[in-house]
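Trainee: Sharing a structure, written as structure tokens. Questions coming.
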Amino acid sequence: MKHPPLSKTHSTPQAFFAWLRGESRRIWANYPLRNEYKASQLEAVAPHHGITNTRVKKVGKCNQCKGWFAASNLEIDHITPAGSFTNWNEWLVWMTRLLCSTDNMQLLCKSCHKIKSYADRIGCTFEEAEHKKKIIAFKALTEKQQTDILLSLGLDHKEIAKTKTGRGKQYETNIDNKQL
């Protein structure tokens, strides 16, 4: 198979395939079977859903956290991930996995979908990925926000580390101990 020419924008094969991956995901976003599946998983808002926004008309239940969410806050996830690709032969296999049947689809809220995708990417459980994401989010906070959280976890002001790395380790240790 003849490969397309590389441009200044896609000067390396890696850059080209990264672009192709993004464009191919647009196909997934408009895939009729995916859209039909999502529509089949939604229902009209009812009082037991706990949704109070009157603009929300359709809701669905996240397969992971079991919460009810507005349709706009739900995404279709591949139960078995489509994975990635770095060459043309892998792209054809990947497209087959991407455009899967409804047996490999599930409805997830945006938060759970991000965590599951992260877990799939790094090869860990959902719970481990959720734990790692909490630590990453903590490390992105300001010193004051980190200090306030560590104080709320029971640390004394004098015990709190002076460095961002130290506070990150303290947070990780404390949430491991408290299993938050």
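Going through the structure tokens in order, the chains are called A, B, and so on, while each chain numbers its residues from 1 and the ligands are numbered from 1 in the order shown.
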If you run DSSP on the backbone, which residues of region 75-111 of chain A are strand (DSSP E), as an MDAnalysis selection string?
Mentor: chainID A and resid 75:78 105:109
Trainee: Please provide as a PDB file with C-alpha atoms, in the first residue's frame all residues within 10 Å of His78 (chain A), with the sequence filter that same-chain residues fewer than 3 positions apart are discarded (counting only C-alpha atoms).
Mentor:
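Result file selection_4.pdb:
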```pdb
ATOM      1  CA  GLU A  75     -20.636   8.955  26.820  1.00  0.00           C
ATOM      2  CA  PRO A  81     -10.929  -0.818  24.331  1.00  0.00           C
ATOM      3  CA  ALA A  82     -10.256  -0.115  20.665  1.00  0.00           C
ATOM      4  CA  GLY A  83      -6.626   0.551  21.583  1.00  0.00           C
ATOM      5  CA  ARG A  97     -12.605  -2.487  16.900  1.00  0.00           C
ATOM      6  CA  LEU A  98     -13.687   1.167  16.999  1.00  0.00           C
ATOM      7  CA  LEU A  99     -16.859   0.572  14.973  1.00  0.00           C
ATOM      8  CA  CYS A 100     -18.014  -2.293  17.167  1.00  0.00           C
ATOM      9  CA  SER A 101     -21.386  -3.849  17.866  1.00  0.00           C
ATOM     10  CA  THR A 102     -23.560  -2.779  20.794  1.00  0.00           C
ATOM     11  CA  ASP A 103     -22.314  -5.830  22.733  1.00  0.00           C
ATOM     12  CA  ASN A 104     -19.080  -3.904  23.296  1.00  0.00           C
ATOM     13  CA  MET A 105     -20.733  -0.600  24.294  1.00  0.00           C
ATOM     14  CA  GLN A 106     -21.711   0.783  27.663  1.00  0.00           C
ATOM     15  CA  LEU A 107     -23.019   4.105  28.932  1.00  0.00           C
ATOM     16  CA  LEU A 108     -20.677   5.955  31.316  1.00  0.00           C
ATOM     17  CA  HIS A 113     -15.319   7.393  31.256  1.00  0.00           C
ATOM     18  CA  LYS A 116     -11.843   3.959  32.692  1.00  0.00           C
ATOM     19  CA  SER A 117      -9.954   5.256  29.659  1.00  0.00           C
TER      20      SER A 117
END
```
Trainee: Quick one: everything within 12 Å of Glu159 (chain A), counting only C-alpha atoms, minus sequence neighbours fewer than 6 positions away in the same chain. Send it as a list of chain:residue names.
Mentor: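 Everything that qualifies: A:Thr147, A:Leu150, A:Leu151, A:Leu153, A:Gly166, A:Arg167, A:Gln170, A:Tyr171.
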Trainee: Can you work out the spacing between CA of Arg55 (chain A) and CA of Asn73 (chain A) in Å, to one decimal?
Mentor: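 Interatomic distance here is 13.3 Å.
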Trainee: Please provide as a ChimeraX atom specification all residues within 10 Å of Ile27 (chain A), with the sequence filter that same-chain residues fewer than 4 positions apart are discarded (counting only C-alpha atoms).
Mentor: /A:22-23,31-32,95,98-99
Trainee: Quick one: write out the picked residues with N, CA, C and O atoms as an mmCIF file, in the first residue's frame?
Mentor:
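Output saved as result38.cif:
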```cif
data_model
loop_
_atom_site.group_PDB
_atom_site.id
_atom_site.type_symbol
_atom_site.label_atom_id
_atom_site.label_comp_id
_atom_site.auth_asym_id
_atom_site.auth_seq_id
_atom_site.Cartn_x
_atom_site.Cartn_y
_atom_site.Cartn_z
ATOM 1 N N GLY A 22 -7.203 11.001 15.594
ATOM 2 C CA GLY A 22 -8.193 12.022 15.952
ATOM 3 C C GLY A 22 -9.313 12.128 14.935
ATOM 4 O O GLY A 22 -10.492 12.187 15.295
ATOM 5 N N GLU A 23 -8.957 12.121 13.670
ATOM 6 C CA GLU A 23 -9.971 12.209 12.621
ATOM 7 C C GLU A 23 -10.848 10.952 12.596
ATOM 8 O O GLU A 23 -12.059 11.037 12.368
ATOM 9 N N TYR A 31 -21.095 7.601 14.380
ATOM 10 C CA TYR A 31 -21.422 6.218 14.026
ATOM 11 C C TYR A 31 -22.893 5.940 14.361
ATOM 12 O O TYR A 31 -23.294 6.043 15.527
ATOM 13 N N PRO A 32 -23.722 5.625 13.384
ATOM 14 C CA PRO A 32 -25.158 5.443 13.639
ATOM 15 C C PRO A 32 -25.467 4.408 14.731
ATOM 16 O O PRO A 32 -26.342 4.640 15.564
ATOM 17 N N MET A 95 -9.903 0.327 13.336
ATOM 18 C CA MET A 95 -11.205 0.807 12.870
ATOM 19 C C MET A 95 -12.283 -0.257 13.064
ATOM 20 O O MET A 95 -13.418 0.062 13.420
ATOM 21 N N LEU A 98 -13.028 -0.098 16.672
ATOM 22 C CA LEU A 98 -13.687 1.167 16.999
ATOM 23 C C LEU A 98 -15.170 1.119 16.638
ATOM 24 O O LEU A 98 -16.028 1.495 17.426
ATOM 25 N N LEU A 99 -15.474 0.633 15.447
ATOM 26 C CA LEU A 99 -16.859 0.572 14.973
ATOM 27 C C LEU A 99 -17.446 -0.792 15.330
ATOM 28 O O LEU A 99 -17.758 -1.608 14.479
#
```
Trainee: Just how far from CA of Arg21 (chain A) is CA of Leu92 (chain A), in Å to one decimal?
Mentor: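 CA of Leu92 (chain A) sits 11.4 Å away from CA of Arg21 (chain A).
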Trainee: Can you pull out every residue within 12 Å of Thr163 (chain A), counting only C-alpha atoms, but drop anything in the same chain fewer than 6 positions away, and send it as an MDAnalysis selection string?
Mentor: chainID A and resid 139 142:144 146:147 169:170
Trainee: Using N, CA, C and O atoms, can you export the residues from the last selection as a PDB file, in the first residue's frame?
Mentor:
```pdb
ATOM      1  N   LYS A 139      -2.171  17.141  43.286  1.00  0.00           N
ATOM      2  CA  LYS A 139      -0.879  17.752  42.965  1.00  0.00           C
ATOM      3  C   LYS A 139      -1.029  19.003  42.105  1.00  0.00           C
ATOM      4  O   LYS A 139      -0.145  19.852  42.094  1.00  0.00           O
ATOM      5  N   THR A 142      -3.259  24.493  44.333  1.00  0.00           N
ATOM      6  CA  THR A 142      -2.334  25.475  44.903  1.00  0.00           C
ATOM      7  C   THR A 142      -1.875  24.987  46.273  1.00  0.00           C
ATOM      8  O   THR A 142      -2.492  24.096  46.876  1.00  0.00           O
ATOM      9  N   GLU A 143      -0.817  25.612  46.796  1.00  0.00           N
ATOM     10  CA  GLU A 143      -0.297  25.245  48.117  1.00  0.00           C
ATOM     11  C   GLU A 143      -1.379  25.400  49.185  1.00  0.00           C
ATOM     12  O   GLU A 143      -1.546  24.540  50.042  1.00  0.00           O
ATOM     13  N   LYS A 144      -2.135  26.493  49.126  1.00  0.00           N
ATOM     14  CA  LYS A 144      -3.191  26.720  50.126  1.00  0.00           C
ATOM     15  C   LYS A 144      -4.274  25.642  50.042  1.00  0.00           C
ATOM     16  O   LYS A 144      -4.713  25.126  51.065  1.00  0.00           O
ATOM     17  N   GLN A 146      -3.959  22.597  48.872  1.00  0.00           N
ATOM     18  CA  GLN A 146      -3.369  21.348  49.360  1.00  0.00           C
ATOM     19  C   GLN A 146      -3.313  21.352  50.888  1.00  0.00           C
ATOM     20  O   GLN A 146      -3.669  20.363  51.528  1.00  0.00           O
ATOM     21  N   THR A 147      -2.878  22.468  51.460  1.00  0.00           N
ATOM     22  CA  THR A 147      -2.772  22.582  52.919  1.00  0.00           C
ATOM     23  C   THR A 147      -4.145  22.414  53.567  1.00  0.00           C
ATOM     24  O   THR A 147      -4.284  21.681  54.551  1.00  0.00           O
ATOM     25  N   LYS A 169       2.950  13.370  48.639  1.00  0.00           N
ATOM     26  CA  LYS A 169       3.194  12.089  49.321  1.00  0.00           C
ATOM     27  C   LYS A 169       2.354  11.975  50.583  1.00  0.00           C
ATOM     28  O   LYS A 169       1.823  10.907  50.884  1.00  0.00           O
ATOM     29  N   GLN A 170       2.219  13.086  51.314  1.00  0.00           N
ATOM     30  CA  GLN A 170       1.379  13.066  52.518  1.00  0.00           C
ATOM     31  C   GLN A 170      -0.079  12.790  52.163  1.00  0.00           C
ATOM     32  O   GLN A 170      -0.751  12.018  52.844  1.00  0.00           O
TER      33      GLN A 170
END
```
Trainee: With DSSP run on the backbone, what are the helix (DSSP H, G or I) residues within chain A? I'd like them as number ranges by chain.
Mentor: A: 13-29, 32-41, 47-49, 71-73, 88-98, 102-104, 110-122, 126-139, 143-152, 157-159, 164-178
Trainee: Counting only C-alpha atoms, which residue out of A:Val56, A:Ile51, A:Ile76, A:Ala140 sits closest to Ala39 (chain A)?
Mentor: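 The answer is A:Ile76, which sits nearest to Ala39 (chain A).
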Trainee: Looking at only C-alpha atoms, which of A:Asn53, A:Val59, A:Trp94, A:Thr86 is the one that sits closest to Gln41 (chain A)?
Mentor: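 Closest candidate: A:Val59.
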Trainee: Looking at only C-alpha atoms, which of A:Arg26, A:Asn87, A:Ser40, A:Cys109 is the one that sits closest to Lys61 (chain A)?
Mentor: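 Nearest to Lys61 (chain A): A:Cys109.
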Trainee: My list of candidates is A:Ala46, A:Lys66, A:His157, A:Cys124. Which is closest to Cys112 (chain A) when distances are computed with only C-alpha atoms?
Mentor: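 Result for the nearest residue to Cys112 (chain A): A:Lys66.
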